[in-house]
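Engineer: Structure provided below as structure tokens; questions to follow.
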Amino acid sequence: TLEWPEPDGGGLPILGYTVHMDDALGGPLQRVYTGEGRLFMATGLLTGYTYRAEVRAVTAKGDGFPTELNIAPCGPPGRVRNLRTLHRSTFMIRLGWEAPEHSGGCPVLGYAVFAGGSEASMQRVGGTSSASDTAFTHHAVLPDVEYFFVVQVETWRTRAPGGAMRAENSTLLRVVSARAPLA
């Protein structure tokens, strides 16, 4: 299902919309929808492929500028399993985890890692670029400080715009960095 917000018609009323989509193999865009609604249900899409689409508003002047979208027909992936601390010191914390039991039908692209001094202050601090890379070292730590970490699976469907964390498939880990030796 493809849904889009109502665009700016440039002062003209919007008469309808057109949707063009490719074949997920880099082929040309083909018109697959013309109508007044802002919802289109594509059928026959293959799981594991990403389709390129363009939506255009139609006004009295014709088709507007395209809004480009990527469509990945799959569900949300599971949570990473066994999120744990592999090593901690006064200057770094190394995390490890296992891949989720299911990917939601899309290939796993990698993992996003979020960290902060509290759950509310967490921000993306990095990630991995492969499904097989299931470890991450966070270097921005101070001695004897508690940190919160979340590792999330990234697929074409779940890759967060702007790096936003998604609570629906998160597992939280609390780690205290190592205490500095007494002088």
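Labels used: A, B, ... for chains in the order of the structure tokens, numbers from 1 for residues in each chain, and numbers from 1 for ligands as shown.
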Might you pull out every residue within 12 Å of Phe136 of chain A, with only C-alpha atoms counted and same-chain residues fewer than 2 positions away left off, and present them as a PyMOL selection string?

Structural biologist: chain A and resi 83-88+92-97+110-115+125-130+132-134+138-139+149-151

Engineer: Please dump the current selection as a compact mmCIF listing (two decimals), in the first residue's frame; keep N, CA, C and O atoms.

Structural biologist:
```
# COMPACT_ATOMS: atom_id res chain seq x y z
N LEU A 83 21.62 -8.97 22.70
CA LEU A 83 22.41 -7.73 22.76
C LEU A 83 23.19 -7.73 24.07
O LEU A 83 22.62 -7.92 25.14
N ARG A 84 24.50 -7.57 23.96
CA ARG A 84 25.34 -7.71 25.14
C ARG A 84 26.61 -6.87 25.01
O ARG A 84 26.96 -6.43 23.92
N THR A 85 27.31 -6.71 26.14
CA THR A 85 28.60 -6.04 26.17
C THR A 85 29.69 -7.08 25.93
O THR A 85 29.77 -8.07 26.65
N LEU A 86 30.52 -6.85 24.92
CA LEU A 86 31.64 -7.75 24.65
C LEU A 86 32.89 -7.31 25.42
O LEU A 86 33.69 -8.13 25.85
N HIS A 87 33.05 -5.99 25.55
CA HIS A 87 34.21 -5.44 26.25
C HIS A 87 33.88 -4.01 26.67
O HIS A 87 33.17 -3.30 25.95
N ARG A 88 34.40 -3.62 27.80
CA ARG A 88 34.26 -2.22 28.24
C ARG A 88 35.55 -1.78 28.89
O ARG A 88 36.28 -2.57 29.49
N MET A 92 36.04 3.02 25.90
CA MET A 92 35.20 2.43 24.86
C MET A 92 34.30 1.34 25.43
O MET A 92 34.60 0.77 26.48
N ILE A 93 33.21 1.09 24.70
CA ILE A 93 32.30 -0.01 25.00
C ILE A 93 32.07 -0.74 23.68
O ILE A 93 31.68 -0.13 22.69
N ARG A 94 32.30 -2.05 23.68
CA ARG A 94 32.08 -2.87 22.48
C ARG A 94 30.85 -3.73 22.70
O ARG A 94 30.76 -4.47 23.67
N LEU A 95 29.91 -3.61 21.77
CA LEU A 95 28.65 -4.34 21.82
C LEU A 95 28.67 -5.50 20.83
O LEU A 95 29.33 -5.42 19.80
N GLY A 96 27.89 -6.52 21.12
CA GLY A 96 27.70 -7.62 20.20
C GLY A 96 26.25 -8.06 20.25
O GLY A 96 25.54 -7.79 21.23
N TRP A 97 25.78 -8.71 19.20
CA TRP A 97 24.40 -9.19 19.13
C TRP A 97 24.29 -10.26 18.08
O TRP A 97 25.23 -10.53 17.34
N GLY A 110 22.16 -3.90 7.40
CA GLY A 110 23.11 -3.62 8.47
C GLY A 110 22.34 -3.32 9.74
O GLY A 110 21.15 -3.67 9.86
N TYR A 111 23.01 -2.66 10.67
CA TYR A 111 22.40 -2.35 11.96
C TYR A 111 22.69 -0.91 12.34
O TYR A 111 23.80 -0.43 12.12
N ALA A 112 21.72 -0.23 12.92
CA ALA A 112 21.89 1.13 13.42
C ALA A 112 22.09 1.06 14.93
O ALA A 112 21.39 0.32 15.62
N VAL A 113 23.06 1.83 15.45
CA VAL A 113 23.36 1.84 16.88
C VAL A 113 23.07 3.22 17.43
O VAL A 113 23.52 4.23 16.90
N PHE A 114 22.28 3.24 18.51
CA PHE A 114 21.91 4.47 19.20
C PHE A 114 22.47 4.42 20.61
O PHE A 114 22.51 3.35 21.22
N ALA A 115 22.91 5.58 21.14
CA ALA A 115 23.47 5.62 22.50
C ALA A 115 23.13 6.96 23.14
O ALA A 115 22.88 7.95 22.45
N VAL A 125 24.69 6.83 16.86
CA VAL A 125 26.13 7.04 17.00
C VAL A 125 26.92 6.27 15.95
O VAL A 125 28.13 6.38 15.89
N GLY A 126 26.23 5.49 15.14
CA GLY A 126 26.91 4.74 14.10
C GLY A 126 26.12 3.51 13.71
O GLY A 126 24.92 3.42 13.98
N GLY A 127 26.81 2.58 13.08
CA GLY A 127 26.13 1.37 12.66
C GLY A 127 27.07 0.48 11.89
O GLY A 127 28.28 0.75 11.79
N THR A 128 26.51 -0.58 11.35
CA THR A 128 27.28 -1.49 10.53
C THR A 128 26.70 -1.47 9.12
O THR A 128 25.55 -1.08 8.92
N SER A 129 27.49 -1.89 8.16
CA SER A 129 27.03 -1.84 6.77
C SER A 129 26.77 -3.21 6.18
O SER A 129 26.65 -3.35 4.97
N SER A 130 26.67 -4.22 7.04
CA SER A 130 26.43 -5.56 6.54
C SER A 130 25.64 -6.37 7.56
O SER A 130 25.76 -6.15 8.77
N SER A 132 26.13 -9.38 8.32
CA SER A 132 27.01 -10.29 9.06
C SER A 132 27.87 -9.58 10.10
O SER A 132 28.49 -10.22 10.93
N ASP A 133 27.90 -8.26 10.08
CA ASP A 133 28.69 -7.48 11.04
C ASP A 133 27.82 -7.22 12.27
O ASP A 133 27.01 -6.29 12.28
N THR A 134 27.98 -8.02 13.31
CA THR A 134 27.12 -7.95 14.48
C THR A 134 27.89 -7.51 15.73
O THR A 134 27.70 -8.04 16.83
N HIS A 138 31.78 1.66 20.54
CA HIS A 138 31.45 3.07 20.81
C HIS A 138 32.61 3.66 21.59
O HIS A 138 32.92 3.22 22.70
N HIS A 139 33.28 4.66 21.00
CA HIS A 139 34.49 5.23 21.60
C HIS A 139 34.23 6.48 22.44
O HIS A 139 35.08 6.87 23.21
N PHE A 149 22.08 1.79 25.27
CA PHE A 149 22.28 1.45 23.87
C PHE A 149 21.06 0.74 23.30
O PHE A 149 20.40 -0.03 23.99
N VAL A 150 20.79 0.99 22.01
CA VAL A 150 19.79 0.27 21.24
C VAL A 150 20.42 -0.06 19.91
O VAL A 150 21.09 0.79 19.29
N VAL A 151 20.25 -1.30 19.45
CA VAL A 151 20.71 -1.72 18.13
C VAL A 151 19.48 -2.13 17.34
O VAL A 151 18.67 -2.94 17.83
```

Engineer: Can you list, as a PDB file with N, CA, C and O atoms, in the first residue's frame, every protein, DNA or RNA residue that comes within 10 Å of Gly75 of chain A when you count only C-alpha atoms, leaving out same-chain residues fewer than 3 positions away?

Structural biologist:
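Now in around_29.pdb:
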```pdb
ATOM      1  N   THR A  47       8.684  -9.918  -2.745  1.00  0.00           N
ATOM      2  CA  THR A  47       9.390  -9.643  -1.503  1.00  0.00           C
ATOM      3  C   THR A  47      10.887  -9.691  -1.748  1.00  0.00           C
ATOM      4  O   THR A  47      11.385 -10.532  -2.485  1.00  0.00           O
ATOM      5  N   ALA A  72       9.390  -1.202  -0.645  1.00  0.00           N
ATOM      6  CA  ALA A  72       9.939  -2.528  -0.353  1.00  0.00           C
ATOM      7  C   ALA A  72       8.823  -3.357   0.272  1.00  0.00           C
ATOM      8  O   ALA A  72       8.446  -3.113   1.412  1.00  0.00           O
ATOM      9  N   GLY A  78      12.430  -8.495  12.978  1.00  0.00           N
ATOM     10  CA  GLY A  78      12.439  -8.757  14.410  1.00  0.00           C
ATOM     11  C   GLY A  78      13.535  -7.952  15.092  1.00  0.00           C
ATOM     12  O   GLY A  78      14.338  -7.281  14.452  1.00  0.00           O
ATOM     13  N   HIS A 102      13.776 -13.203  12.228  1.00  0.00           N
ATOM     14  CA  HIS A 102      13.186 -12.968  10.902  1.00  0.00           C
ATOM     15  C   HIS A 102      13.499 -11.549  10.453  1.00  0.00           C
ATOM     16  O   HIS A 102      13.631 -10.643  11.259  1.00  0.00           O
ATOM     17  N   SER A 103      13.644 -11.388   9.147  1.00  0.00           N
ATOM     18  CA  SER A 103      14.005 -10.080   8.586  1.00  0.00           C
ATOM     19  C   SER A 103      12.794  -9.310   8.078  1.00  0.00           C
ATOM     20  O   SER A 103      12.940  -8.190   7.604  1.00  0.00           O
ATOM     21  N   GLY A 104      11.616  -9.896   8.143  1.00  0.00           N
ATOM     22  CA  GLY A 104      10.428  -9.233   7.623  1.00  0.00           C
ATOM     23  C   GLY A 104      10.265  -9.416   6.125  1.00  0.00           C
ATOM     24  O   GLY A 104       9.358  -8.869   5.529  1.00  0.00           O
ATOM     25  N   GLY A 105      11.169 -10.166   5.504  1.00  0.00           N
ATOM     26  CA  GLY A 105      11.063 -10.405   4.068  1.00  0.00           C
ATOM     27  C   GLY A 105      11.980  -9.558   3.221  1.00  0.00           C
ATOM     28  O   GLY A 105      12.121  -9.802   2.027  1.00  0.00           O
ATOM     29  N   CYS A 106      12.608  -8.541   3.798  1.00  0.00           N
ATOM     30  CA  CYS A 106      13.574  -7.719   3.070  1.00  0.00           C
ATOM     31  C   CYS A 106      14.984  -8.105   3.510  1.00  0.00           C
ATOM     32  O   CYS A 106      15.183  -8.511   4.649  1.00  0.00           O
ATOM     33  N   THR A 155      16.610  -2.444   7.111  1.00  0.00           N
ATOM     34  CA  THR A 155      16.245  -2.975   5.805  1.00  0.00           C
ATOM     35  C   THR A 155      15.805  -1.779   4.974  1.00  0.00           C
ATOM     36  O   THR A 155      15.724  -0.665   5.481  1.00  0.00           O
ATOM     37  N   ARG A 157      12.909  -1.150   4.126  1.00  0.00           N
ATOM     38  CA  ARG A 157      11.643  -0.691   4.696  1.00  0.00           C
ATOM     39  C   ARG A 157      11.847   0.102   5.977  1.00  0.00           C
ATOM     40  O   ARG A 157      11.148   1.051   6.247  1.00  0.00           O
ATOM     41  N   THR A 158      12.824  -0.288   6.796  1.00  0.00           N
ATOM     42  CA  THR A 158      12.955   0.315   8.122  1.00  0.00           C
ATOM     43  C   THR A 158      14.051   1.350   8.238  1.00  0.00           C
ATOM     44  O   THR A 158      14.162   1.970   9.283  1.00  0.00           O
TER      45      THR A 158
END
```

Engineer: Could you tell me which of A:Tyr147, A:Phe65, A:Tyr33, A:Tyr51 comes closest to Ser118 of chain A if we count only C-alpha atoms?

Structural biologist: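 Closest candidate: A:Tyr147.
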
Engineer: Have a look at A:Glu98, A:Asp22, A:Glu146, A:Glu68 and name the one nearest to Gly116 of chain A; count only C-alpha atoms.

Structural biologist: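 Of A:Glu98, A:Asp22, A:Glu146, A:Glu68, the one nearest Gly116 of chain A, counting only C-alpha atoms, is A:Glu146.
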
Engineer: Excluding Pro100 of chain A and residues on its chain fewer than 5 positions from it, collect all residues at most 10 Å away from it, counting only C-alpha atoms, and give them as a PyMOL selection string.

Structural biologist: chain A and resi 77-82+108+152-153

Engineer: For the strand (DSSP E) assignment from backbone DSSP, which residues of segment 27-79 of chain A qualify? Please present them as a list in words.

Structural biologist: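 Answer for segment 27-79 of chain A restricted to strand (DSSP E) is Gln30, Arg31, Val32, Tyr33, Thr34, Gly35, Leu39, Phe40, Tyr51, Arg52, Ala53, Glu54, Val55, Arg56, Ala57, Val58, Thr59, Gly62, Asp63, Thr67, Glu68, Leu69, Asn70 and Ile71 of chain A.
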
Engineer: At what distance in Å, to one decimal, does atom CA of Leu172 of chain A lie from atom CA of Ser121 of chain A?

Structural biologist: 13.0 Å

Engineer: For Arg56 of chain A, work out the shell of residues within 12 Å, counting only C-alpha atoms and skipping chain neighbours fewer than 2 positions away, then give it as a PyMOL selection string.

Structural biologist: chain A and resi 4-9+14-21+31+33-36+38+53-54+58-59+62-69

Engineer: Quick one: everything within 8 Å of Val145 of chain A, counting only C-alpha atoms, minus sequence neighbours fewer than 6 positions away in the same chain. Send it as a PyMOL selection string.

Structural biologist: chain A and resi 176-178

Engineer: Smallest atom-to-atom distance to Leu173 of chain A: which of A:Gly117, A:Pro143, A:Leu39, A:Leu46, using only C-alpha atoms?

Structural biologist: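 Of all the options, A:Gly117 lies closest to Leu173 of chain A.
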
Engineer: Please compute the atom CA of Gly44 of chain A-atom CA of Gly26 of chain A distance, one decimal, in Å.

Structural biologist: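 These two atoms are separated by 17.0 Å.
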
Engineer: Provide the atom CA of Lys61 of chain A to atom CA of Leu12 of chain A distance in Å, to one decimal place.

Structural biologist: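 Result for atom CA of Lys61 of chain A versus atom CA of Leu12 of chain A: 8.5 Å, one decimal.
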
Engineer: Which of these, A:Ala135, A:Pro107, A:Ser89, A:Met122, has the shortest distance to Ala180 of chain A once you count only C-alpha atoms?

Structural biologist: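 Closest to Ala180 of chain A, using only C-alpha atoms: A:Ser89.
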
Engineer: Pick the closest to Glu119 of chain A from A:Thr43, A:Asp23, A:Ala60, A:Thr171: which is it, counting only C-alpha atoms?

Structural biologist: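 Of A:Thr43, A:Asp23, A:Ala60, A:Thr171, the one nearest Glu119 of chain A is A:Thr171, counting only C-alpha atoms.
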